[in-house]
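Student: Dropping in work13.txt, which is compact mmCIF, C-alpha atoms:
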```txt
# COMPACT_ATOMS: atom_id res chain seq x y z
CA TYR A 112 74.84 153.77 97.23
CA ASN A 113 71.72 151.74 96.55
CA PHE A 114 69.13 151.99 99.32
CA ASN A 115 66.16 150.69 97.36
CA SER A 116 65.98 148.23 94.49
CA ASN A 117 63.53 150.52 92.66
CA ILE A 118 65.83 153.52 92.80
CA TYR A 119 68.86 154.05 90.64
CA ILE A 120 71.47 156.39 92.04
CA PHE A 121 74.25 158.24 90.28
CA LEU A 122 76.97 159.75 92.43
CA LEU A 123 79.22 162.57 91.35
CA LYS A 124 81.87 164.31 93.40
CA TYR A 125 82.64 167.91 92.60
CA TYR A 126 86.00 169.40 93.45
CA PHE A 127 86.24 173.16 93.89
CA SER A 128 89.59 174.33 95.21
CA GLY A 129 89.84 171.25 97.39
CA VAL A 130 86.21 171.44 98.56
CA ILE A 131 84.09 168.40 97.82
CA MET A 132 80.35 168.23 97.21
CA GLN A 133 78.50 164.98 96.69
CA LYS A 134 75.60 164.99 94.25
CA PHE A 135 73.12 162.11 94.10
CA THR A 136 70.48 161.67 91.38
CA TYR A 137 67.66 159.13 91.66
CA THR A 138 64.80 157.96 89.49
CA THR A 139 62.00 157.87 92.06
CA ASN A 140 59.40 155.16 92.49
CA ILE A 141 56.37 157.46 92.77
CA PRO A 142 53.47 155.38 91.35
CA ASP A 143 52.21 156.38 87.91
CA THR A 144 48.72 156.83 89.36
CA HIS A 145 50.03 159.52 91.71
CA ILE A 146 51.83 161.26 88.84
CA ASP A 147 48.65 161.20 86.72
CA SER A 148 46.67 162.65 89.64
CA LEU A 149 49.24 165.38 90.13
CA LEU A 150 49.15 166.33 86.46
CA ASN A 151 45.34 166.50 86.62
CA ILE A 152 45.27 168.54 89.83
CA ILE A 153 47.88 171.05 88.80
CA ASP A 154 46.50 171.96 85.40
CA SER A 155 47.31 175.67 85.54
CA PHE A 156 51.01 175.15 84.90
CA ASP A 157 53.51 172.78 83.38
CA VAL A 158 54.58 170.52 86.24
CA SER A 159 57.98 170.09 84.61
CA GLU A 160 58.61 173.78 85.32
CA HIS A 161 58.15 173.26 89.07
CA VAL A 162 60.72 171.89 91.48
CA PHE A 163 60.03 170.39 94.91
CA LEU A 164 62.47 171.40 97.66
CA ASP A 165 63.48 170.25 101.12
CA ILE A 166 66.60 171.03 103.13
CA GLU A 167 68.42 169.57 106.15
CA THR A 168 70.27 171.83 108.56
CA THR A 169 72.26 171.62 111.78
CA GLY A 170 69.81 173.92 113.56
CA LEU A 171 66.76 176.13 113.17
CA SER A 172 68.55 179.50 113.10
CA PRO A 173 70.70 180.33 110.07
CA LYS A 174 72.77 182.59 112.33
CA ASN A 175 74.41 179.68 114.13
CA SER A 176 73.87 176.62 111.94
CA VAL A 177 74.50 175.46 108.37
CA CYS A 178 72.63 173.72 105.57
CA TYR A 179 74.28 170.37 104.82
CA LEU A 180 71.78 168.73 102.47
CA ILE A 181 69.46 170.06 99.78
CA GLY A 182 66.96 167.77 98.07
CA LEU A 183 65.13 168.55 94.84
CA ALA A 184 62.44 166.53 93.06
CA TYR A 185 61.28 167.38 89.56
CA TYR A 186 59.28 165.89 86.72
CA LYS A 187 61.41 164.75 83.80
CA ASP A 188 60.11 162.94 80.73
CA THR A 189 57.58 160.51 82.29
CA SER A 190 58.76 160.23 85.89
CA PHE A 191 60.06 162.18 88.84
CA GLU A 192 63.74 162.43 89.57
CA CYS A 193 65.42 163.47 92.80
CA THR A 194 68.76 165.23 93.08
CA GLN A 195 70.51 165.80 96.41
CA PHE A 196 73.47 168.05 97.17
CA PHE A 197 75.37 166.91 100.25
CA ALA A 198 78.13 168.71 102.16
CA ASP A 199 80.68 166.33 103.65
CA THR A 200 81.62 169.02 106.17
CA PRO A 201 80.06 172.36 107.18
CA GLY A 202 82.86 174.05 105.25
CA ASP A 203 81.39 172.62 102.05
CA GLU A 204 78.10 174.49 102.52
CA PRO A 205 78.95 177.29 100.01
CA VAL A 206 79.46 174.69 97.29
CA ILE A 207 76.10 173.02 97.68
CA LEU A 208 74.37 176.40 97.92
CA GLN A 209 76.03 177.60 94.72
CA GLU A 210 75.16 174.38 92.91
CA PHE A 211 71.59 174.61 94.18
CA LEU A 212 71.19 178.18 92.91
CA SER A 213 72.50 177.16 89.52
CA TYR A 214 70.31 174.08 89.34
CA ILE A 215 67.05 175.65 90.50
CA SER A 216 67.31 178.56 88.07
CA ARG A 217 65.97 176.35 85.27
CA PHE A 218 62.55 176.13 86.97
CA LYS A 219 59.79 178.72 87.22
CA ALA A 220 58.41 177.85 90.65
CA VAL A 221 59.30 175.94 93.80
CA VAL A 222 57.04 173.74 95.95
CA THR A 223 57.78 173.13 99.64
CA TYR A 224 56.17 172.12 102.90
CA ASN A 225 56.48 175.06 105.30
CA GLY A 226 59.09 176.60 103.04
CA ASP A 227 57.73 180.13 103.45
CA THR A 228 58.65 180.01 107.11
CA PHE A 229 61.79 177.87 107.04
CA ASP A 230 63.44 176.55 103.87
CA ILE A 231 63.41 179.64 101.67
CA PRO A 232 64.37 182.24 104.33
CA TYR A 233 67.04 179.87 105.66
CA ILE A 234 68.62 179.38 102.24
CA ILE A 235 68.58 183.11 101.48
CA SER A 236 70.18 183.87 104.85
CA ARG A 237 72.90 181.23 104.45
CA CYS A 238 73.63 182.44 100.93
CA LYS A 239 74.06 185.95 102.27
CA CYS A 240 76.44 184.63 104.95
CA ASN A 241 78.47 182.97 102.20
CA SER A 242 78.43 186.05 99.91
CA LEU A 243 76.20 184.32 97.35
CA SER A 244 73.58 186.34 95.51
CA THR A 245 70.03 184.96 95.33
CA GLU A 246 68.54 187.88 93.39
CA SER A 247 68.36 185.94 90.12
CA VAL A 248 66.48 183.06 91.77
CA PHE A 249 64.35 184.55 94.55
CA PRO A 250 61.71 185.76 94.64
CA MET A 251 60.51 182.77 92.61
CA GLU A 252 56.87 181.69 92.49
CA HIS A 253 56.38 179.52 95.57
CA ILE A 254 53.68 177.04 96.58
CA ASP A 255 53.80 176.20 100.29
CA LEU A 256 51.76 173.03 100.85
CA TYR A 257 51.69 173.67 104.59
CA LYS A 258 49.55 176.75 103.95
CA THR A 259 47.23 174.63 101.83
CA ALA A 260 47.02 172.04 104.63
CA ARG A 261 45.99 174.78 107.08
CA GLN A 262 43.29 175.95 104.69
CA VAL A 263 41.76 172.49 104.28
CA ASN A 264 42.21 171.10 107.79
CA SER A 265 38.50 171.53 108.40
CA LEU A 266 38.22 168.59 105.99
CA LEU A 267 41.35 166.71 107.08
CA LYS A 268 40.57 167.11 110.80
CA LEU A 269 44.16 166.39 111.83
CA ASP A 270 45.51 167.12 115.32
CA ASN A 271 48.69 168.55 113.80
CA LEU A 272 49.86 169.44 110.32
CA LYS A 273 53.36 167.99 110.37
CA GLN A 274 54.39 166.64 106.99
CA LYS A 275 54.46 163.07 108.30
CA SER A 276 50.88 163.49 109.61
CA ILE A 277 49.74 164.49 106.12
CA GLU A 278 51.59 161.50 104.67
CA ILE A 279 49.88 159.11 107.08
CA TYR A 280 46.49 160.64 106.22
CA LEU A 281 47.19 160.09 102.51
CA GLY A 282 48.46 156.54 103.05
CA ILE A 283 52.05 157.34 102.05
CA ASP A 284 54.55 154.88 103.53
CA ARG A 285 58.07 155.84 104.61
CA ASP A 286 61.16 153.77 105.34
CA ASP A 287 62.73 156.67 107.26
CA VAL A 288 61.99 156.68 110.99
CA TYR A 289 63.94 159.79 112.06
CA SER A 290 63.12 163.47 112.34
CA GLY A 291 65.35 166.18 110.93
CA GLY A 292 66.29 167.22 114.46
CA GLU A 293 67.33 163.70 115.40
CA LEU A 294 69.60 163.51 112.38
CA ILE A 295 71.71 166.47 113.46
CA ASP A 296 73.68 164.14 115.72
CA THR A 297 73.91 161.64 112.86
CA TYR A 298 75.48 164.32 110.67
CA LYS A 299 77.94 165.20 113.43
CA GLU A 300 78.90 161.51 113.65
CA TYR A 301 79.28 161.44 109.86
CA ILE A 302 81.69 164.40 109.99
CA ILE A 303 83.85 162.71 112.62
CA LYS A 304 84.06 159.46 110.66
CA TYR A 305 84.59 161.29 107.37
CA LYS A 306 87.57 163.21 108.74
CA LEU A 307 89.01 160.01 110.20
CA LYS A 308 88.45 158.30 106.82
CA GLU A 309 86.21 155.70 108.47
CA ASP A 310 83.17 154.01 106.94
CA THR A 311 80.29 156.53 106.78
CA PHE A 312 77.80 154.43 104.84
CA ALA A 313 75.31 153.96 107.69
CA GLU A 314 75.20 157.66 108.60
CA LEU A 315 75.02 158.81 105.00
CA SER A 316 72.25 156.32 104.27
CA HIS A 317 70.06 157.69 107.07
CA LEU A 318 70.70 161.32 106.11
CA LEU A 319 69.97 160.85 102.41
CA LEU A 320 66.95 158.62 102.99
CA HIS A 321 65.24 161.10 105.31
CA ASN A 322 65.72 164.02 102.94
CA ARG A 323 64.83 161.99 99.86
CA GLU A 324 61.57 160.82 101.38
CA ASP A 325 60.75 164.33 102.60
CA VAL A 326 61.12 165.82 99.14
CA CYS A 327 59.80 162.90 97.09
CA THR A 328 56.51 162.76 98.99
CA LEU A 329 55.76 166.40 98.18
CA PRO A 330 54.37 165.61 94.70
CA GLU A 331 51.99 163.14 96.34
CA ILE A 332 51.00 165.64 99.06
CA CYS A 333 49.94 167.97 96.25
CA SER A 334 46.71 165.98 96.16
CA ILE A 335 45.48 168.18 99.04
CA LEU A 336 45.30 171.02 96.51
CA SER A 337 42.14 169.37 95.20
CA LEU A 338 40.63 169.63 98.70
CA ARG A 339 41.17 173.37 98.61
CA GLN A 340 39.13 173.54 95.41
CA LEU A 341 36.47 171.30 96.95
CA LEU A 342 36.27 173.53 100.04
CA SER A 343 36.01 176.60 97.82
CA ASP A 344 33.17 175.02 95.86
CA ASP A 345 31.31 174.17 99.08
CA LEU A 346 31.64 177.72 100.39
CA SER A 347 30.34 179.16 97.13
```
Would you give me this structure, written as structure tokens?
Tutor:
Amino acid sequence: YNFNSNIYIFLLKYYFSGVIMQKFTYTTNIPDTHIDSLLNIIDSFDVSEHVFLDIETTGLSPKNSVCYLIGLAYYKDTSFECTQFFADTPGDEPVILQEFLSYISRFKAVVTYNGDTFDIPYIISRCKCNSLSTESVFPMEHIDLYKTARQVNSLLKLDNLKQKSIEIYLGIDRDDVYSGGELIDTYKEYIIKYKLKEDTFAELSHLLLHNREDVCTLPEICSILSLRQLLSDDLS
């Protein structure tokens, strides 16, 4: 699946006892200037040891919903790559969770937007529901950019701190026009077509694009970390 001429995608299908997981890996088109800025801002650690995370779910409560898509962005060699784990059906959730736990274990810290409140607790809860241990992965060092945004909003002066609002403030463009909540119905439509062996390209494209842009803008949003330092300097 090629959604953007600047992005190269490799698709693998994993078969575990008849359960299929789709894994997509992209070379992202984050500008070199943004990467250089990120490396300058985050000078207290090796950025290659940090992974950026965003998930898509069928609801807000892990008690009555599932995680169907996990996106990771990470610095490799001289650019960022993005890997996504996609569950064709809710029954495939344990597979993508297990693959995620294995994959993320190579990193020392995770970066999210509002992950303290949602992504991390949700993943831990769904792993528990699927009898998967997270003890070797969590607690992992975690940077929640939403908390940083709250700290520096006296400088940003934004009406709300949704991720897309931060992106607009920073001049980050998106092709995706949907919210995660809106895409729940898209995933349900995907499941129906998938089971009927019908063409799912349109639905899959929307689902992957939204998650990919959510996770691949996180390295650029890290620029607000410099505002926290600026605010600290002003207060001192």
Student: Interatomic distance between atom CA of Glu204 of chain A and atom CA of Ser190 of chain A?
Tutor: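 A separation of 29.2 Å between them.
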Student: What does the structure give for the distance between atom CA of Leu281 of chain A and atom CA of Cys333 of chain A, in Å to one decimal?
Tutor: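 Separating atom CA of Leu281 of chain A from atom CA of Cys333 of chain A is a distance of 10.4 Å.
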Student: Which of these, A:Cys240, A:Ile332, A:Leu320, A:Leu315, has the shortest distance to Lys273 of chain A once you count all atoms listed in the file?
Tutor: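 The answer is A:Ile332, which sits nearest to Lys273 of chain A.
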Student: Take the point (54.9, 168.5, 108.2) as written in the file and pick out every residue within 12 Å of it, counting only C-alpha atoms; give the list as a ChimeraX atom specification.
Tutor: /A:165,223-226,229,255-261,269-280,290-291,325-326,328-329,332
Student: Nearest residue to Pro173 of chain A out of A:Lys268, A:Lys239, A:His317, A:Arg217, using all atoms listed in the file?
Tutor: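 Using all atoms listed in the file, Pro173 of chain A sits closest to A:Lys239.
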Student: State, in Å with one decimal place, the distance from atom CA of Glu167 of chain A to atom CA of Tyr185 of chain A.
Tutor: 18.2 Å
Student: Take every atom of segment 203-206 of chain A listed in the file, fit an axis-aligned box around them, add 3 Å per side, and give the centre and edge lengths in Å to one decimal as lines of an AutoDock Vina configuration file.
Tutor:
```
center_x = 79.7
center_y = 175.0
center_z = 99.9
size_x = 9.3
size_y = 10.7
size_z = 11.2
```
Student: Could you check which residues have any atom within 6 Å of (80.4, 163.6, 105.2), counting only C-alpha atoms with coordinates taken straight from the file, and then list them as a count of residues only?
Tutor: 5
Student: Considering only C-alpha atoms, can you say which of A:Gly202, A:Ala184, A:Asp284, A:Phe191 comes closest to Tyr214 of chain A?
Tutor: A:Ala184
Student: Could you give me, as a PyMOL selection string, the residues within 10 Å of Ile166 of chain A, counting only C-alpha atoms and dropping anything in the same chain fewer than 2 positions from it?
Tutor: chain A and resi 164+168+178-183+195-196+223+226+229-231+233-234+291+322-323+325-326
Student: Given only C-alpha atoms as the basis, pick out the residue of A:Gln262, A:Glu192, A:Lys308, A:Leu318 nearest to Glu293 of chain A.
Tutor: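 Among the listed residues, the smallest separation from Glu293 of chain A belongs to A:Leu318.
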Student: Could you tell me which of A:Thr194, A:Ser316, A:Ser247, A:Lys174 comes closest to Pro232 of chain A if we count all atoms listed in the file?
Tutor: A:Lys174
Student: Hey, could you patch up segment 207-218 of chain A with all heavy atoms and hand it over as a CSV table (one decimal), in the coordinates of the input?
Tutor:
```csv
chain,number,residue,atom,x,y,z
A,207,ILE,N,77.4,173.6,98.0
A,207,ILE,CA,76.1,173.0,97.7
A,207,ILE,C,75.1,174.1,97.5
A,207,ILE,O,74.1,174.0,96.7
A,207,ILE,CB,75.6,172.0,98.8
A,207,ILE,CG1,75.3,172.7,100.1
A,207,ILE,CG2,76.6,170.9,99.0
A,207,ILE,CD1,74.6,171.8,101.1
A,208,LEU,N,75.3,175.3,98.1
A,208,LEU,CA,74.4,176.4,97.9
A,208,LEU,C,74.5,177.0,96.5
A,208,LEU,O,73.5,177.3,95.8
A,208,LEU,CB,74.6,177.5,99.0
A,208,LEU,CG,74.2,177.2,100.4
A,208,LEU,CD1,74.7,178.3,101.3
A,208,LEU,CD2,72.7,177.0,100.5
A,209,GLN,N,75.8,177.1,96.1
A,209,GLN,CA,76.0,177.6,94.7
A,209,GLN,C,75.5,176.6,93.7
A,209,GLN,O,74.9,177.1,92.7
A,209,GLN,CB,77.5,177.8,94.5
A,209,GLN,CG,77.9,178.4,93.1
A,209,GLN,CD,77.3,179.8,92.9
A,209,GLN,OE1,77.7,180.7,93.6
A,209,GLN,NE2,76.3,179.9,92.0
A,210,GLU,N,75.7,175.4,93.9
A,210,GLU,CA,75.2,174.4,92.9
A,210,GLU,C,73.6,174.4,92.9
A,210,GLU,O,73.0,174.3,91.9
A,210,GLU,CB,75.7,173.0,93.3
A,210,GLU,CG,75.3,171.9,92.3
A,210,GLU,CD,76.0,172.1,90.9
A,210,GLU,OE1,76.9,172.9,90.8
A,210,GLU,OE2,75.7,171.4,90.0
A,211,PHE,N,73.0,174.5,94.1
A,211,PHE,CA,71.6,174.6,94.2
A,211,PHE,C,71.1,175.8,93.4
A,211,PHE,O,70.1,175.7,92.7
A,211,PHE,CB,71.2,174.7,95.7
A,211,PHE,CG,69.8,175.3,95.9
A,211,PHE,CD1,68.7,174.5,95.6
A,211,PHE,CD2,69.6,176.6,96.3
A,211,PHE,CE1,67.4,175.0,95.8
A,211,PHE,CE2,68.4,177.1,96.5
A,211,PHE,CZ,67.3,176.3,96.3
A,212,LEU,N,71.6,177.0,93.6
A,212,LEU,CA,71.2,178.2,92.9
A,212,LEU,C,71.3,178.0,91.4
A,212,LEU,O,70.4,178.4,90.7
A,212,LEU,CB,72.0,179.4,93.4
A,212,LEU,CG,71.8,179.8,94.8
A,212,LEU,CD1,72.8,180.9,95.1
A,212,LEU,CD2,70.4,180.3,95.1
A,213,SER,N,72.3,177.4,90.9
A,213,SER,CA,72.5,177.2,89.5
A,213,SER,C,71.5,176.2,89.0
A,213,SER,O,70.9,176.4,87.9
A,213,SER,CB,73.9,176.6,89.2
A,213,SER,OG,74.1,176.3,87.9
A,214,TYR,N,71.2,175.2,89.8
A,214,TYR,CA,70.3,174.1,89.3
A,214,TYR,C,68.9,174.5,89.3
A,214,TYR,O,68.1,174.3,88.4
A,214,TYR,CB,70.5,172.9,90.3
A,214,TYR,CG,70.0,171.6,89.7
A,214,TYR,CD1,71.0,170.8,89.0
A,214,TYR,CD2,68.7,171.1,89.8
A,214,TYR,CE1,70.6,169.6,88.5
A,214,TYR,CE2,68.4,169.9,89.3
A,214,TYR,CZ,69.3,169.1,88.6
A,214,TYR,OH,68.9,167.9,88.1
A,215,ILE,N,68.5,175.3,90.4
A,215,ILE,CA,67.0,175.6,90.5
A,215,ILE,C,66.6,176.7,89.5
A,215,ILE,O,65.5,177.0,89.3
A,215,ILE,CB,66.8,176.1,92.0
A,215,ILE,CG1,65.3,176.0,92.3
A,215,ILE,CG2,67.3,177.5,92.2
A,215,ILE,CD1,64.9,176.3,93.7
A,216,SER,N,67.6,177.4,89.0
A,216,SER,CA,67.3,178.6,88.1
A,216,SER,C,66.6,178.1,86.8
A,216,SER,O,66.0,179.0,86.1
A,216,SER,CB,68.6,179.3,87.7
A,216,SER,OG,69.5,178.5,87.0
A,217,ARG,N,66.6,176.8,86.5
A,217,ARG,CA,66.0,176.4,85.3
A,217,ARG,C,64.5,176.2,85.4
A,217,ARG,O,63.7,176.0,84.5
A,217,ARG,CB,66.6,175.0,84.9
A,217,ARG,CG,66.2,173.8,85.8
A,217,ARG,CD,67.0,172.6,85.5
A,217,ARG,NE,68.4,172.8,85.8
A,217,ARG,CZ,69.3,171.8,85.6
A,217,ARG,NH1,69.0,170.7,85.0
A,217,ARG,NH2,70.6,172.0,86.0
A,218,PHE,N,64.0,176.3,86.7
A,218,PHE,CA,62.6,176.1,87.0
A,218,PHE,C,61.9,177.5,87.2
A,218,PHE,O,62.5,178.5,87.5
A,218,PHE,CB,62.4,175.3,88.2
A,218,PHE,CG,63.0,173.9,88.1
A,218,PHE,CD1,64.2,173.6,88.6
A,218,PHE,CD2,62.3,172.9,87.4
A,218,PHE,CE1,64.8,172.3,88.5
A,218,PHE,CE2,62.8,171.6,87.3
A,218,PHE,CZ,64.1,171.3,87.8
```
